[in-house]
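Visitor: Contents of query-v7.cif (mmCIF, C-alpha atoms) are given next:
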data_data
loop_
_atom_site.label_atom_id
_atom_site.label_comp_id
_atom_site.auth_asym_id
_atom_site.auth_seq_id
_atom_site.Cartn_x
_atom_site.Cartn_y
_atom_site.Cartn_z
CA MET A 1 -9.99 -1.09 0.69
CA GLN A 2 -7.84 2.03 0.37
CA ILE A 3 -7.48 5.45 1.96
CA LEU A 4 -9.94 7.81 0.29
CA SER A 5 -9.18 10.99 2.23
CA ASP A 6 -7.22 12.26 5.22
CA LEU A 7 -9.26 14.06 7.86
CA GLN A 8 -8.26 16.78 10.30
CA LEU A 9 -10.57 16.99 13.30
CA PRO A 10 -10.97 19.71 15.94
CA GLY A 11 -8.25 19.58 18.58
CA GLY A 12 -5.58 18.45 16.14
CA THR A 13 -6.75 14.84 15.78
CA ARG A 14 -5.85 13.20 12.48
CA THR A 15 -7.65 10.26 10.93
CA SER A 16 -8.57 8.99 7.49
CA ILE A 17 -11.58 7.61 5.68
CA GLN A 18 -10.98 4.23 4.06
CA GLY A 19 -13.25 2.60 1.54
CA ALA A 20 -13.91 0.81 -1.72
CA ALA A 21 -15.90 2.06 -4.70
CA ALA A 22 -18.47 -0.02 -6.56
CA ASP A 23 -18.97 0.14 -10.31
CA ASP A 24 -22.52 1.42 -9.75
CA ASP A 25 -22.23 5.19 -9.29
CA GLY A 26 -25.88 5.86 -8.47
CA SER A 27 -26.89 3.76 -5.47
CA PRO A 28 -26.52 4.92 -1.84
CA VAL A 29 -23.11 4.77 -0.20
CA LEU A 30 -22.60 3.10 3.17
CA LEU A 31 -20.53 4.56 6.00
CA LEU A 32 -19.66 2.06 8.72
CA LEU A 33 -19.19 3.21 12.33
CA PRO A 34 -16.86 0.79 14.14
CA ALA A 35 -17.21 -1.13 17.38
CA MET A 36 -15.44 -0.06 20.55
CA GLY A 37 -11.70 -0.58 20.20
CA VAL A 38 -11.87 -2.00 16.66
CA ALA A 39 -9.66 -0.34 14.06
CA ALA A 40 -11.15 0.66 10.72
CA GLY A 41 -8.70 -1.59 8.89
CA TYR A 42 -10.24 -4.65 10.51
CA TYR A 43 -13.35 -4.16 8.36
CA GLY A 44 -11.42 -4.29 5.07
CA PRO A 45 -12.85 -7.61 3.81
CA PHE A 46 -16.41 -6.49 4.60
CA ILE A 47 -15.97 -3.12 2.87
CA ASP A 48 -14.40 -4.76 -0.19
CA ALA A 49 -17.18 -7.34 -0.33
CA LEU A 50 -19.83 -4.60 -0.26
CA ALA A 51 -18.15 -2.90 -3.22
CA ALA A 52 -18.12 -6.22 -5.09
CA GLU A 53 -21.86 -6.43 -4.41
CA GLY A 54 -22.46 -2.99 -5.92
CA VAL A 55 -22.38 -0.77 -2.82
CA THR A 56 -19.68 1.86 -2.35
CA ALA A 57 -18.65 1.67 1.31
CA ALA A 58 -16.30 3.38 3.74
CA VAL A 59 -15.19 3.24 7.37
CA VAL A 60 -13.38 5.72 9.60
CA ASP A 61 -11.32 5.28 12.78
CA TYR A 62 -12.68 7.02 15.85
CA PRO A 63 -10.37 9.73 17.22
CA GLY A 64 -7.30 8.15 18.80
CA GLN A 65 -8.25 4.66 17.59
CA GLY A 66 -6.56 2.50 14.98
CA GLU A 67 -4.39 4.69 12.76
CA SER A 68 -5.80 7.94 14.17
CA ARG A 69 -3.44 10.17 16.14
CA PRO A 70 -2.88 11.22 18.85
CA VAL A 71 -3.94 8.08 20.71
CA VAL A 72 -6.55 8.27 23.45
CA GLY A 73 -5.15 9.16 26.88
CA ARG A 74 -5.72 11.39 29.88
CA ARG A 75 -5.57 14.54 27.74
CA HIS A 76 -7.67 13.24 24.88
CA ASP A 77 -11.33 12.94 25.81
CA TYR A 78 -14.69 12.79 24.04
CA GLY A 79 -18.13 11.17 24.29
CA TYR A 80 -21.01 10.07 22.10
CA GLY A 81 -21.95 13.66 21.29
CA ALA A 82 -18.60 14.54 19.75
CA LEU A 83 -18.58 11.34 17.70
CA ALA A 84 -22.09 12.03 16.40
CA THR A 85 -21.25 15.63 15.41
CA ALA A 86 -17.67 16.77 14.78
CA TRP A 87 -16.24 13.34 13.92
CA LEU A 88 -19.19 12.23 11.83
CA ASP A 89 -19.47 15.64 10.16
CA ALA A 90 -15.89 15.30 8.93
CA ALA A 91 -16.45 11.73 7.75
CA ALA A 92 -19.70 12.60 5.95
CA GLN A 93 -18.08 15.60 4.26
CA ALA A 94 -15.18 13.47 3.04
CA LEU A 95 -17.59 10.84 1.75
CA ALA A 96 -19.63 13.50 -0.04
CA GLU A 97 -16.49 14.71 -1.81
CA THR A 98 -15.62 11.22 -3.05
CA SER A 99 -19.23 10.28 -3.90
CA PRO A 100 -21.03 13.58 -4.62
CA GLY A 101 -24.82 13.67 -4.64
CA ARG A 102 -25.24 10.12 -3.34
CA PRO A 103 -27.61 9.23 -0.46
CA VAL A 104 -25.81 8.00 2.65
CA VAL A 105 -26.67 4.91 4.68
CA LEU A 106 -25.12 4.76 8.14
CA ALA A 107 -24.20 1.34 9.49
CA GLY A 108 -23.13 0.76 13.08
CA HIS A 109 -21.31 -2.24 14.51
CA SER A 110 -21.74 -2.63 18.28
CA LEU A 111 -20.89 0.78 19.82
CA GLY A 112 -21.22 2.23 16.32
CA GLY A 113 -24.96 1.60 16.41
CA GLN A 114 -25.27 3.68 19.56
CA VAL A 115 -23.34 6.49 17.89
CA LEU A 116 -25.66 6.09 14.89
CA LEU A 117 -28.76 6.60 17.05
CA THR A 118 -27.15 9.66 18.62
CA ARG A 119 -26.70 11.07 15.11
CA LEU A 120 -30.29 10.27 14.13
CA ALA A 121 -31.51 12.10 17.21
CA ARG A 122 -29.76 15.24 15.96
CA ARG A 123 -29.71 15.08 12.15
CA SER A 124 -31.92 12.28 10.88
CA THR A 125 -32.79 13.94 7.57
CA GLU A 126 -29.25 13.43 6.27
CA VAL A 127 -29.55 9.63 6.48
CA ALA A 128 -31.24 7.53 3.78
CA GLY A 129 -31.20 4.40 5.90
CA ALA A 130 -29.59 2.78 8.93
CA VAL A 131 -28.06 -0.65 9.51
CA LEU A 132 -27.30 -2.18 12.91
CA ILE A 133 -24.90 -5.15 12.87
CA GLY A 134 -24.37 -6.86 16.21
CA SER A 135 -25.37 -3.59 17.81
CA GLY A 136 -27.50 -3.47 20.92
CA SER A 137 -28.09 -1.68 24.16
CA PRO A 138 -25.69 -2.48 27.01
CA TYR A 139 -28.63 -2.11 29.45
CA TRP A 140 -28.13 -4.77 32.10
CA ARG A 141 -31.80 -5.83 32.23
CA ALA A 142 -31.69 -6.62 28.49
CA GLN A 143 -28.84 -9.12 28.92
CA PRO A 144 -28.96 -12.90 29.53
CA SER A 145 -26.65 -12.46 32.55
CA PRO A 146 -27.83 -9.09 33.87
CA LEU A 147 -25.92 -8.85 37.14
CA THR A 148 -22.66 -9.88 35.49
CA ILE A 149 -23.05 -7.17 32.86
CA LEU A 150 -23.97 -4.58 35.47
CA VAL A 151 -20.88 -5.34 37.56
CA GLN A 152 -18.57 -5.43 34.55
CA THR A 153 -19.74 -2.15 33.04
CA GLN A 154 -19.71 -0.25 36.32
CA THR A 155 -16.28 -1.63 37.24
CA MET A 156 -15.02 -0.45 33.87
CA ALA A 157 -16.43 3.02 34.59
CA THR A 158 -14.78 3.11 38.01
CA VAL A 159 -11.37 2.12 36.66
CA THR A 160 -11.71 4.69 33.88
CA ALA A 161 -12.63 7.45 36.31
CA LEU A 162 -9.55 6.68 38.42
CA LEU A 163 -7.11 6.50 35.49
CA ARG A 164 -8.93 9.14 33.38
CA PHE A 165 -9.02 6.76 30.39
CA TRP A 166 -9.79 3.07 29.85
CA PRO A 167 -6.60 0.96 29.34
CA GLY A 168 -8.30 -1.74 27.30
CA HIS A 169 -5.12 -2.41 25.32
CA ARG A 170 -3.65 -3.83 28.53
CA ILE A 171 -6.75 -5.53 29.91
CA GLY A 172 -7.88 -7.15 26.66
CA PHE A 173 -11.23 -5.48 26.03
CA GLY A 174 -12.24 -2.36 24.17
CA GLY A 175 -8.86 -0.82 23.44
CA ARG A 176 -7.90 2.59 24.82
CA GLN A 177 -11.11 4.59 25.42
CA PRO A 178 -11.80 8.16 26.55
CA ARG A 179 -13.30 8.66 29.99
CA THR A 180 -16.45 10.53 28.90
CA LEU A 181 -17.42 7.87 26.37
CA VAL A 182 -16.94 5.10 28.94
CA ALA A 183 -18.89 7.05 31.57
CA GLU A 184 -21.83 7.59 29.17
CA TRP A 185 -21.73 3.97 28.01
CA ALA A 186 -21.71 2.70 31.61
CA ARG A 187 -24.62 5.01 32.48
CA PHE A 188 -26.50 3.58 29.49
CA ALA A 189 -25.79 0.08 30.83
CA ARG A 190 -27.06 1.05 34.28
CA SER A 191 -30.16 3.05 33.34
CA GLY A 192 -31.14 1.87 29.87
CA VAL A 193 -31.09 5.51 28.72
CA LEU A 194 -28.60 6.75 26.11
CA ALA A 195 -27.85 10.30 27.21
CA PRO A 196 -24.90 11.95 25.41
CA ASP A 197 -23.87 15.16 27.13
CA GLY A 198 -26.61 14.49 29.71
CA ALA A 199 -29.50 14.71 27.21
CA ALA A 200 -31.50 11.53 26.55
CA VAL A 201 -31.87 10.67 22.86
CA GLU A 202 -35.27 8.95 23.19
CA PRO A 203 -37.45 12.10 23.00
CA ARG A 204 -35.68 13.14 19.80
CA LEU A 205 -35.96 9.67 18.24
CA VAL A 206 -39.70 9.22 18.75
CA ASP A 207 -40.61 10.91 15.46
CA VAL A 208 -37.63 9.71 13.42
CA GLU A 209 -38.82 7.68 10.43
CA VAL A 210 -35.96 5.83 8.79
CA PRO A 211 -35.60 2.47 7.05
CA LEU A 212 -33.71 0.25 9.50
CA LEU A 213 -32.03 -3.12 9.01
CA ALA A 214 -31.22 -4.67 12.40
CA ILE A 215 -29.04 -7.78 12.37
CA ASP A 216 -28.13 -9.88 15.36
CA LEU A 217 -25.43 -12.51 15.09
CA ASP A 218 -25.32 -16.10 16.29
CA ASN A 219 -23.08 -16.67 19.32
CA ASP A 220 -22.91 -12.94 20.01
CA GLU A 221 -22.46 -12.52 23.75
CA LEU A 222 -21.90 -8.76 23.47
CA ALA A 223 -25.11 -7.95 21.58
CA PRO A 224 -27.62 -10.77 22.18
CA PRO A 225 -31.11 -10.49 20.62
CA GLY A 226 -32.67 -8.87 23.69
CA SER A 227 -30.14 -6.05 23.70
CA VAL A 228 -30.61 -5.47 19.96
CA ASP A 229 -34.38 -5.29 20.51
CA HIS A 230 -33.87 -2.77 23.31
CA LEU A 231 -31.83 -0.50 21.05
CA VAL A 232 -34.26 -0.85 18.13
CA SER A 233 -37.18 0.04 20.42
CA LYS A 234 -35.78 3.57 20.69
CA LEU A 235 -36.91 4.11 17.07
CA PRO A 236 -40.64 3.33 17.34
CA ARG A 237 -41.50 4.83 13.93
CA ALA A 238 -38.67 3.23 11.99
CA SER A 239 -39.49 0.77 9.22
CA VAL A 240 -37.62 -2.21 10.69
CA ASP A 241 -36.27 -5.24 8.84
CA ARG A 242 -35.07 -7.65 11.54
CA TRP A 243 -32.71 -10.50 10.63
CA ARG A 244 -30.50 -13.00 12.43
CA PHE A 245 -27.25 -14.06 10.78
CA ARG A 246 -26.72 -17.74 11.52
CA LYS A 247 -23.79 -20.05 10.88
CA ASP A 248 -25.59 -21.70 7.97
CA ASP A 249 -26.06 -18.28 6.33
CA GLY A 250 -22.31 -17.65 6.09
CA ALA A 251 -19.23 -19.30 4.66
CA PRO A 252 -19.11 -23.08 5.28
CA GLY A 253 -16.95 -23.94 8.26
CA ARG A 254 -16.56 -20.33 9.38
CA PRO A 255 -17.73 -19.32 12.88
CA VAL A 256 -20.33 -16.63 13.49
CA ASP A 257 -19.91 -14.29 16.45
CA HIS A 258 -19.73 -10.60 17.32
CA TYR A 259 -16.72 -9.89 15.10
CA SER A 260 -16.52 -12.62 12.46
CA PHE A 261 -18.58 -10.91 9.73
CA ALA A 262 -15.89 -8.25 9.26
CA ARG A 263 -13.31 -10.83 8.19
CA SER A 264 -15.67 -13.46 6.72
CA PRO A 265 -18.50 -11.42 5.21
CA GLN A 266 -20.01 -14.12 2.97
CA GLY A 267 -23.74 -14.40 3.54
CA LEU A 268 -24.21 -11.25 5.56
CA VAL A 269 -22.79 -8.91 2.93
CA GLU A 270 -25.33 -10.06 0.35
CA LYS A 271 -28.16 -9.22 2.75
CA VAL A 272 -26.78 -5.77 3.58
CA ALA A 273 -25.93 -4.88 -0.02
CA GLY A 274 -29.31 -6.01 -1.33
CA TRP A 275 -31.11 -4.01 1.34
CA VAL A 276 -29.07 -0.86 0.61
CA ARG A 277 -29.59 -1.14 -3.15
CA ALA A 278 -33.33 -1.57 -2.61
CA LEU A 279 -33.44 1.79 -0.83
CA ASP A 280 -32.60 3.48 -4.11
CA GLN A 281 -35.46 1.96 -6.09
CA PRO A 282 -38.13 4.53 -5.08
CA ARG A 283 -35.71 7.39 -5.81
CA ALA A 284 -34.80 5.88 -9.20
CA ALA A 285 -38.50 5.51 -10.07
CA GLN A 286 -39.13 9.18 -9.23
CA THR A 287 -36.30 10.39 -11.49
CA SER A 288 -37.08 8.09 -14.44
#
The structure in this file should be written as structure tokens.
Guide:
Amino acid sequence: MQILSDLQLPGGTRTSIQGAAADDDGSPVLLLLPAMGVAAGYYGPFIDALAAEGVTAAVVDYPGQGESRPVVGRRHDYGYGALATAWLDAAAQALAETSPGRPVVLAGHSLGGQVLLTRLARRSTEVAGAVLIGSGSPYWRAQPSPLTILVQTQTMATVTALLRFWPGHRIGFGGRQPRTLVAEWARFARSGVLAPDGAAVEPRLVDVEVPLLAIDLDNDELAPPGSVDHLVSKLPRASVDRWRFRKDDGAPGRPVDHYSFARSPQGLVEKVAGWVRALDQPRAAQTS
């Protein structure tokens, strides 16, 4: 994986799009939206493996995350809406310049899947397909330990409101996060409704028809099957391919959990790449 383009975002934020190109120059390209607090560089093995499987792929740090500067703090705030518009606009434009004319598949890991749905609610026609990997709803009633999740998410929101950012780099979860994003995420966990900028996405998603691959991961305590189902249910007209990635599907002796696929992609990457390549078959038939 290498830096494909440097990005300048509104407000002076700098970031870069990193990726790997496949030999096939006609199939859709995949843009991965990271999990909360996970740097883009962490996904290097997964991105490289996708390219080896014939799918050009890229990933971008969220503002103030990973290599992006300035880092998140009291003066650097944003929520789901900004990620789904200004940040993703810049990433999509950069990807279009490196892979002109190619359909784009958005993939979301964890929080990235929630950002993906926010984007679909606003600009679904730009997306050829969507992939959720270990991405679910934080809604407390969709969790195996509902009261624990409710207390944890609301405590996180309270701490963030007091400090005006989430100090996850000190606490050991989620990295540094902006207060609006944490507030919206905690509200989602409490109500089951994803409402960036106060506007619920569900009414806008009802009529969105998009091919969707939804993958839940063995031993994933952050996105168990029930939470993945809750997120997928917000796209009632999507054409859903549901799959569970188990230990036996991956590299022998390697664990499977919420994060492992990014560093040990064997097994899962073949599924994702095959699904993405299959999206291009109807388009190829129409142009032949």
Visitor: Tell me which residues the PyMOL selection byres ((chain A and resi 224) around 12) grabs here, as number ranges by chain.
Guide: A: 110, 133-146, 215-223, 225-231, 244-245, 257-258
Visitor: If you apply the PyMOL selection byres ((chain A and resi 90) around 12) to this file, what residues do you get, as a ChimeraX atom specification?
Guide: /A:5-10,13-17,60-63,82-89,91-97
Visitor: If the PyMOL selection byres ((chain A and resi 71) around 12) were run on this exact file, what residues would it hold? Put them as a PDB file with C-alpha atoms, in the coordinates of the input.
Guide:
ATOM      1  CA  GLY A  12      -5.580  18.450  16.140  1.00  0.00           C
ATOM      2  CA  THR A  13      -6.750  14.840  15.780  1.00  0.00           C
ATOM      3  CA  ARG A  14      -5.850  13.200  12.480  1.00  0.00           C
ATOM      4  CA  THR A  15      -7.650  10.260  10.930  1.00  0.00           C
ATOM      5  CA  GLY A  37     -11.700  -0.580  20.200  1.00  0.00           C
ATOM      6  CA  ASP A  61     -11.320   5.280  12.780  1.00  0.00           C
ATOM      7  CA  TYR A  62     -12.680   7.020  15.850  1.00  0.00           C
ATOM      8  CA  PRO A  63     -10.370   9.730  17.220  1.00  0.00           C
ATOM      9  CA  GLY A  64      -7.300   8.150  18.800  1.00  0.00           C
ATOM     10  CA  GLN A  65      -8.250   4.660  17.590  1.00  0.00           C
ATOM     11  CA  GLY A  66      -6.560   2.500  14.980  1.00  0.00           C
ATOM     12  CA  GLU A  67      -4.390   4.690  12.760  1.00  0.00           C
ATOM     13  CA  SER A  68      -5.800   7.940  14.170  1.00  0.00           C
ATOM     14  CA  ARG A  69      -3.440  10.170  16.140  1.00  0.00           C
ATOM     15  CA  PRO A  70      -2.880  11.220  18.850  1.00  0.00           C
ATOM     16  CA  VAL A  72      -6.550   8.270  23.450  1.00  0.00           C
ATOM     17  CA  GLY A  73      -5.150   9.160  26.880  1.00  0.00           C
ATOM     18  CA  ARG A  74      -5.720  11.390  29.880  1.00  0.00           C
ATOM     19  CA  ARG A  75      -5.570  14.540  27.740  1.00  0.00           C
ATOM     20  CA  HIS A  76      -7.670  13.240  24.880  1.00  0.00           C
ATOM     21  CA  ASP A  77     -11.330  12.940  25.810  1.00  0.00           C
ATOM     22  CA  PHE A 165      -9.020   6.760  30.390  1.00  0.00           C
ATOM     23  CA  TRP A 166      -9.790   3.070  29.850  1.00  0.00           C
ATOM     24  CA  PRO A 167      -6.600   0.960  29.340  1.00  0.00           C
ATOM     25  CA  HIS A 169      -5.120  -2.410  25.320  1.00  0.00           C
ATOM     26  CA  GLY A 175      -8.860  -0.820  23.440  1.00  0.00           C
ATOM     27  CA  ARG A 176      -7.900   2.590  24.820  1.00  0.00           C
ATOM     28  CA  GLN A 177     -11.110   4.590  25.420  1.00  0.00           C
ATOM     29  CA  PRO A 178     -11.800   8.160  26.550  1.00  0.00           C
TER      30      PRO A 178
END
Visitor: A:Met36, A:Leu50, A:Ala22, A:Leu213: which is nearest A:Leu181, counting all atoms listed in the file?
Guide: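 Checking each candidate against A:Leu181, we get A:Met36 as the closest.
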Visitor: Output, as lines of an AutoDock Vina configuration file, the centre and edge lengths in Å (one decimal) of the axis-aligned box that contains all listed atoms of stretch 125-132 of chain A with 6 Å of margin on each side.
Guide:
center_x = -30.0
center_y = 5.9
center_z = 8.3
size_x = 17.5
size_y = 28.1
size_z = 21.1
Visitor: So, with only C-alpha atoms as the atoms that count, which of A:Lys271, A:Thr125, A:Gly11, A:Leu4 lies closest to A:Thr56?
Guide: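 For A:Thr56, the nearest of the candidates is A:Leu4.
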Visitor: Can you work out which one of A:Arg123, A:Gly250, A:Gly113, A:Gly168 has the shortest atom-to-atom distance to A:Ala214, counting only C-alpha atoms?
Guide: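 Closest to A:Ala214, using only C-alpha atoms: A:Gly113.
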Visitor: Considering only C-alpha atoms, state which residue in the set A:Leu279, A:Ala262, A:Ala195, A:Ala52 is at the smallest distance from A:Val115.
Guide: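 Among A:Leu279, A:Ala262, A:Ala195, A:Ala52, it is A:Ala195 that comes nearest to A:Val115.
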Visitor: I'd like the interatomic distance between atom CA of A:Gly267 and atom CA of A:Val210, to a tenth of an Å.
Guide: 24.2 Å
Visitor: As an exercise, work out the distance from atom CA of A:Val131 to atom CA of A:Ala39 in Å and give it to one decimal place.
Guide: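 Pair atom CA of A:Val131 / atom CA of A:Ala39 returns 19.0 Å.
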Visitor: Select, from A:Leu111, A:Ile149, A:Val55, A:Ala186, the residue with the minimum atom-to-atom distance to A:Val29, counting all atoms listed in the file.
Guide: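 With all atoms listed in the file as the atom set, the closest residue is A:Val55.
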Visitor: Taking into account all atoms listed in the file, which residue in the set A:Leu205, A:Leu194, A:Leu150, A:Leu106 is nearest to A:Leu30?
Guide: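 Answer, going by the shortest atom-to-atom distance: A:Leu106.
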Visitor: Give me the residues within 9 Å of A:Glu209 as a list of chain:residue names, counting all atoms listed in the file and dropping any in the same chain fewer than 3 places off.
Guide: A:Ser124, A:Leu205, A:Val206, A:Leu235, A:Pro236, A:Arg237, A:Ala238, A:Ser239
Visitor: Rounded to one decimal, what separation in Å do you get between atom CA of A:Ala107 and atom CA of A:Arg254?
Guide: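 Separation between atom CA of A:Ala107 and atom CA of A:Arg254: 23.0 Å.
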Visitor: Working from the structure I just supplied, which lacks atoms in stretch 79-109 of chain A, can you model N, CA and C atoms there and output them as a tab-separated table (two decimals), keeping the file's coordinate frame?
Guide:
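As written to disk, selection13.tsv reads:
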chain	number	residue	atom	x	y	z
A	79	GLY	N	-17.02	12.06	24.01
A	79	GLY	CA	-18.13	11.17	24.29
A	79	GLY	C	-18.96	10.93	23.04
A	80	TYR	N	-20.14	10.35	23.23
A	80	TYR	CA	-21.01	10.07	22.10
A	80	TYR	C	-21.32	11.33	21.29
A	81	GLY	N	-21.55	12.45	21.98
A	81	GLY	CA	-21.95	13.66	21.29
A	81	GLY	C	-20.92	14.13	20.28
A	82	ALA	N	-19.65	14.11	20.67
A	82	ALA	CA	-18.60	14.54	19.75
A	82	ALA	C	-18.47	13.59	18.57
A	83	LEU	N	-18.64	12.29	18.80
A	83	LEU	CA	-18.58	11.34	17.70
A	83	LEU	C	-19.73	11.56	16.71
A	84	ALA	N	-20.90	11.87	17.25
A	84	ALA	CA	-22.09	12.03	16.40
A	84	ALA	C	-22.13	13.37	15.68
A	85	THR	N	-21.25	14.31	16.05
A	85	THR	CA	-21.25	15.63	15.41
A	85	THR	C	-19.92	15.89	14.71
A	86	ALA	N	-18.92	16.35	15.42
A	86	ALA	CA	-17.67	16.77	14.78
A	86	ALA	C	-17.02	15.64	13.98
A	87	TRP	N	-16.89	14.47	14.60
A	87	TRP	CA	-16.24	13.34	13.92
A	87	TRP	C	-17.05	12.89	12.71
A	88	LEU	N	-18.35	12.71	12.91
A	88	LEU	CA	-19.19	12.23	11.83
A	88	LEU	C	-19.40	13.29	10.76
A	89	ASP	N	-19.41	14.56	11.15
A	89	ASP	CA	-19.47	15.64	10.16
A	89	ASP	C	-18.30	15.55	9.20
A	90	ALA	N	-17.09	15.37	9.76
A	90	ALA	CA	-15.89	15.30	8.93
A	90	ALA	C	-15.93	14.08	8.01
A	91	ALA	N	-16.38	12.95	8.55
A	91	ALA	CA	-16.45	11.73	7.75
A	91	ALA	C	-17.48	11.87	6.63
A	92	ALA	N	-18.64	12.43	6.95
A	92	ALA	CA	-19.70	12.60	5.95
A	92	ALA	C	-19.27	13.57	4.85
A	93	GLN	N	-18.56	14.64	5.24
A	93	GLN	CA	-18.08	15.60	4.26
A	93	GLN	C	-17.08	14.95	3.31
A	94	ALA	N	-16.16	14.16	3.87
A	94	ALA	CA	-15.18	13.47	3.04
A	94	ALA	C	-15.85	12.48	2.09
A	95	LEU	N	-16.87	11.79	2.59
A	95	LEU	CA	-17.59	10.84	1.75
A	95	LEU	C	-18.34	11.56	0.64
A	96	ALA	N	-18.91	12.72	0.97
A	96	ALA	CA	-19.63	13.50	-0.04
A	96	ALA	C	-18.70	13.97	-1.15
A	97	GLU	N	-17.45	14.25	-0.81
A	97	GLU	CA	-16.49	14.71	-1.81
A	97	GLU	C	-16.06	13.58	-2.74
A	98	THR	N	-16.01	12.35	-2.20
A	98	THR	CA	-15.62	11.22	-3.05
A	98	THR	C	-16.80	10.62	-3.79
A	99	SER	N	-18.02	10.82	-3.26
A	99	SER	CA	-19.23	10.28	-3.90
A	99	SER	C	-20.31	11.37	-3.91
A	100	PRO	N	-20.12	12.43	-4.68
A	100	PRO	CA	-21.03	13.58	-4.62
A	100	PRO	C	-22.45	13.23	-5.04
A	101	GLY	N	-23.42	13.81	-4.29
A	101	GLY	CA	-24.82	13.67	-4.64
A	101	GLY	C	-25.45	12.33	-4.31
A	102	ARG	N	-24.72	11.47	-3.63
A	102	ARG	CA	-25.24	10.12	-3.34
A	102	ARG	C	-25.88	10.08	-1.96
A	103	PRO	N	-27.04	9.42	-1.79
A	103	PRO	CA	-27.61	9.23	-0.46
A	103	PRO	C	-26.67	8.42	0.42
A	104	VAL	N	-26.70	8.67	1.72
A	104	VAL	CA	-25.81	8.00	2.65
A	104	VAL	C	-26.61	7.09	3.58
A	105	VAL	N	-26.15	5.86	3.71
A	105	VAL	CA	-26.67	4.91	4.68
A	105	VAL	C	-25.63	4.76	5.78
A	106	LEU	N	-26.03	4.96	7.02
A	106	LEU	CA	-25.12	4.76	8.14
A	106	LEU	C	-25.29	3.34	8.67
A	107	ALA	N	-24.18	2.67	8.89
A	107	ALA	CA	-24.20	1.34	9.49
A	107	ALA	C	-23.36	1.38	10.76
A	108	GLY	N	-23.86	0.76	11.81
A	108	GLY	CA	-23.13	0.76	13.08
A	108	GLY	C	-22.90	-0.65	13.57
A	109	HIS	N	-21.65	-0.96	13.89
A	109	HIS	CA	-21.31	-2.24	14.51
A	109	HIS	C	-21.11	-2.01	16.00
